[in-house]
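Okay, so here's the structure we're looking at.
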Amino acid sequence: MVRKLSKGFAFNTQAVLQHVPIGLFVAKPTGECMFANNALYRVLSLTNTDIVGSSYINAMHPDDRQKAIKHWYACTAKGANFQFTFRSAAKTKNKLLSIHAEPLIENKVITAYIGIVEDVTTINETERELCLSQQRYELAAKGASAGVWDWDISNNEVFYSTKFTDLLGFDNLAFGCDFASFTGQIHPDDIKQFKASLEVHLADPFEAFDIEVRMNSAKQQELWFHIVGEAMRDEKGNPYRMVGSMSDITEKKQSQQVIWHQANFDALTQLPNRNMFTDRLNQEIAKSKRSGDKFALLFIDLDHFKEVNDTMGHNAGDLLLVEVSERLKIILRETDTVARIGGDEFTALLCNIHNLADVENIASKLIQAIEMPFYINNESIFISASIGITLFPDHSEKMEELLRFADQAMYLSKEEGRKQYRHFNKTLQEKSEKAHLLTQELRLAVINQQLEVLYQPILSISDLKIHKAEALLRWHHPELGMVSPADFIPLAETSGMIIDIGNWVFQQAAEQVKKWQSNYDQHFQISVNRSPAQFQSSLSKHDVIWLNTLLQLSLKHGICIEITEGLLLDDNDEIKETLKKFRSAGVAISLDDFGTGYAALSYLTKFELDFLKIDRAFVMNLESSAQNQALCEAIIVMAHKLGLKVIAEGVETQEQLFILEAAGCDYAQGYFVSKPISHLLFERELASQDPFAMQQKLKQNSFKKTSAI
């Protein structure tokens, strides 16, 4: 049958084109067909339909037409080639056709498209089989240790490799050949996630199927597997087959679990650690903000725990912490969280709090539980607990502030006698804010040189001369006036400024004593206080600074470092090594405020000391207190037996001086001799005939020396 060209189309070789074996067509840019040869009708399986004068779309399967129209107009707009694969509208099953058309352009305007249509059904099937074989090969090559599965979605038949069933401990022939054999082994808690991920991938080829789930082996062991798969799709994008693999990752998961547990739980008590607790605290804050509920945060610190470690050893201390954690868990509710955040410090998160009485009731029970005796290594141990309480959202809605406020309330309970709980309040908040502000101003004080080193003379009782002095730091605040060291030294320690401040004080004292040794007394010595914070191992470089200062000044004898009893409690080799370095450089070591801390007498023999300072608390009321007199005499006798010289602090009267002299005390320091003064005034006194008027003071007084205590 010969078809005529549509009106207005001139084509001289029409007869030739009609006999070309490939389906040819010419179409307007609108899609209307202008010419079609006989081969085109054959390839489209059209016998009684004339497509010339109508759209080529009519020859396509209805489900493919919309996509073809969009692509056609995109190509005509750009003047591009049109290529499209579609299913025939004819009843021939699974017939797949492909169009390739190029634009005819005249004067930069598309006048028509000329193209061909081919039957690619056989080619597509071949490519599909090759793709399937290639995917199977690639999966097998990727994981010799992985199990392969091949799911024919249309008939729900699954091929499972021998390795697949081996991983689960099943016989390959007895495992089954449908997809339920696969999903039936997935852990009940993971099956929902597995199916959801599978459905997403089947619906969207751009969403990968890559999942980790637990599966039950033939021996009902719970194993972890990494499962991946990819669906093959027909020309419409519908999945008809899916091929995948799975690998055993049980050991990897177990290692991850161990690492996660170590990162989030305390190794000793198995309670959540600080990391886990802060995470749960953040979650509770978010939850309470949504619901409007309140919760309480408790900061729990054990009283006198350090003494247990010192007297019974760290093993006993560890056992005690484990027992404490068990008691805490018994008292707290299942909805609460208790954690060990370090040392002997615990925290508790009490959720869904309806009234303050509930919180106080739990806090009281915790204190009572810890107050009961512990039996460790066949010995009874008695400790107590101090607890600080803060509430959300009453006190704060921020995690850091809640923790800090609870910590401050805990310290208040310790200051007021321990073995009790205290609530965070506005006074504590004001104190905290004041401390923060003062810390900021202290930083400026260092920069603006508001700090000054004063010197308080130390009297040699035997000859009533001044051979020693203590360097004392003072802060002249431009608005607050003189700020007490008791107020700013703790802030310097907690903020870390004590390091740089301590280095500066040491430099000032070293240069001063060098000058006084040259001008007044070659044996003169200045004592410098050293904070426990300055003994941290990470700060050893600052020890070098001090030692280099002594070398640069050629100062072999003239500095005495004063340490506190609290430092001795650490009893570690690094502190001993640091003190040893200083003593080798000619620096003396003095134990400050003796008798007010918790150091055992045995520590006096473990550390190389030169001086022992009796705290002012024992010197106060020495004239009227027989008990204080006895304690001072005992300390002096003990110190002398250990080869130490004794300095009594807080001496304010001549009678106190005489009592100390009768007891054999070596040195006296206090307002009776002089208050701390500047280096200029100190030099003036040293140059005078009667330094600090000691002779004059003794003559003017009618007190007589006490012959004995």
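Numbering starts fresh at 1 for the residues of each chain in the structure tokens, the chains themselves are lettered A, B, ... in the order given, and ligands are numbered from 1 as they appear.
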*Just the residues within 7 Å of segment 414-418 of chain A, please, counting only C-alpha atoms, with nothing from its chain fewer than 4 positions along; format it as a ChimeraX atom specification.*
/A:385-386,410
Hey, can you spit out that residue selection with all heavy atoms as a PDB file, in the first residue's frame?
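The result, written out as result.pdb:
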ATOM      1  N   ALA A 385      27.282  11.566 103.377  1.00  0.00           N
ATOM      2  CA  ALA A 385      27.172  12.224 102.077  1.00  0.00           C
ATOM      3  C   ALA A 385      26.613  13.628 102.231  1.00  0.00           C
ATOM      4  O   ALA A 385      25.769  13.885 103.090  1.00  0.00           O
ATOM      5  CB  ALA A 385      26.270  11.418 101.139  1.00  0.00           C
ATOM      6  N   SER A 386      27.119  14.531 101.402  1.00  0.00           N
ATOM      7  CA  SER A 386      26.587  15.892 101.316  1.00  0.00           C
ATOM      8  C   SER A 386      25.942  16.037  99.946  1.00  0.00           C
ATOM      9  O   SER A 386      26.529  15.658  98.935  1.00  0.00           O
ATOM     10  CB  SER A 386      27.703  16.924 101.480  1.00  0.00           C
ATOM     11  OG  SER A 386      28.297  16.815 102.758  1.00  0.00           O
ATOM     12  N   MET A 410      25.901  21.688  96.993  1.00  0.00           N
ATOM     13  CA  MET A 410      26.561  20.589  97.709  1.00  0.00           C
ATOM     14  C   MET A 410      27.677  21.133  98.609  1.00  0.00           C
ATOM     15  O   MET A 410      27.831  20.717  99.768  1.00  0.00           O
ATOM     16  CB  MET A 410      27.123  19.583  96.702  1.00  0.00           C
ATOM     17  CG  MET A 410      27.816  18.373  97.316  1.00  0.00           C
ATOM     18  SD  MET A 410      29.557  18.662  97.705  1.00  0.00           S
ATOM     19  CE  MET A 410      30.229  18.869  96.066  1.00  0.00           C
TER      20      MET A 410
END
_Env of Phe277 of chain A: 9 Å cut, atoms = only C-alpha atoms, seq-sep filter 5 positions within chain, self excluded. Answer as JSON, numbers by chain._
{"A": [264, 272, 282, 337, 338, 339, 340, 341, 347, 348, 349]}
*atom CA of Arg214 of chain A and atom CA of Val243 of chain A, how far apart in Å?*
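Rounded to one decimal, the two atoms are 19.8 Å apart.
Of the listed residues (A:Asp166, A:Ile353, A:His304, A:Asn448), A:His304 comes nearest to Phe382 of chain A; the distances count only C-alpha atoms.
If you count only C-alpha atoms and ignore residues fewer than 3 places along the chain from Leu319 of chain A, what sits within 12 Å of it is A:Leu268, A:Thr269, A:Phe305, A:Val308, A:Asn309, A:Met312, A:Gly313, A:His314, A:Asn315, A:Ala316, A:Val322, A:Glu323, A:Val324, A:Ser325, A:Glu326, A:Asp344, A:Phe374, A:Tyr375, A:Ile376, A:Asn377, A:Ile381.
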*What is the distance between atom CA of Glu683 of chain A and atom CA of Thr653 of chain A, in Å to one decimal?*
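Computing it gives 24.0 Å between the two atoms.
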*Apply DSSP to the backbone of this structure and, from segment 476-671 of chain A, keep only the residues in strand (DSSP E); write these as a PyMOL selection string.*
chain A and resi 476-477+481-483+525-529+559-563+588-594+611-614+645-648+667-668
_Residues of segment 126-316 of chain A classed as helix (DSSP H, G or I) by DSSP on the backbone are to be reported as a PyMOL selection string._
chain A and resi 126-142+162-168+172-175+179-183+191-203+250-264+274-291+305-312+314-316
*Between atom CA of Ser462 of chain A and atom CA of Lys613 of chain A, what is the spacing in Å?*
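Going from atom CA of Lys613 of chain A over to atom CA of Ser462 of chain A covers 16.8 Å.
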*Using only C-alpha atoms, determine which residues lie at most 9 Å from Lys675 of chain A, disregarding the query and same-chain residues fewer than 6 positions distant; provide the list as a PyMOL selection string.*
chain A and resi 455-457
*asked:* Excluding segment 512-525 of chain A and its own-chain neighbours fewer than 6 positions away, which residues fall within 8 Å of it when counting only C-alpha atoms? Please give them as a list of chain:residue names.
replied: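 These residues fall inside the cut-off: A:His467, A:Lys468, A:Ala469, A:Leu553, A:Leu555, A:His557, A:Gly558, A:Ile559, A:Cys560, A:His679, A:Glu683, A:Leu686, A:Ala687.
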Each residue of segment 418-447 of chain A with at least one atom at most 12 Å from segment 474-494 of chain A should appear once, together with its nearest atom pair and the corresponding distance in Å (one decimal); atoms considered: only C-alpha atoms; ordering: chain, then increasing residue number; output as CSV.
residue,atom,partner,partner_atom,distance
A:Lys431,CA,A:Asp487,CA,11.3
A:Ser432,CA,A:Leu491,CA,11.0
A:Lys434,CA,A:Asp487,CA,10.6
A:Ala435,CA,A:Leu491,CA,7.2
A:His436,CA,A:Leu491,CA,8.5
A:Leu437,CA,A:Leu491,CA,10.4
A:Leu438,CA,A:Phe488,CA,7.6
A:Thr439,CA,A:Leu491,CA,6.0
A:Gln440,CA,A:Leu491,CA,9.7
A:Glu441,CA,A:His477,CA,8.8
A:Leu442,CA,A:Phe488,CA,7.6
A:Arg443,CA,A:Ala492,CA,8.9
A:Leu444,CA,A:His477,CA,10.2
A:Ala445,CA,A:His477,CA,7.6
A:Val446,CA,A:Trp475,CA,9.4
_Can you tell me which residues surround segment 35-46 of chain A at a distance of at most 6 Å, considering only C-alpha atoms, apart from same-chain residues fewer than 4 positions away, and format the answer as a list in words?_
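So, after excluding close chain neighbours, the residues are Leu5, Gln18, Pro21, Ile22, Gly23, Leu24, Phe25, Val26 and Val52 of chain A.
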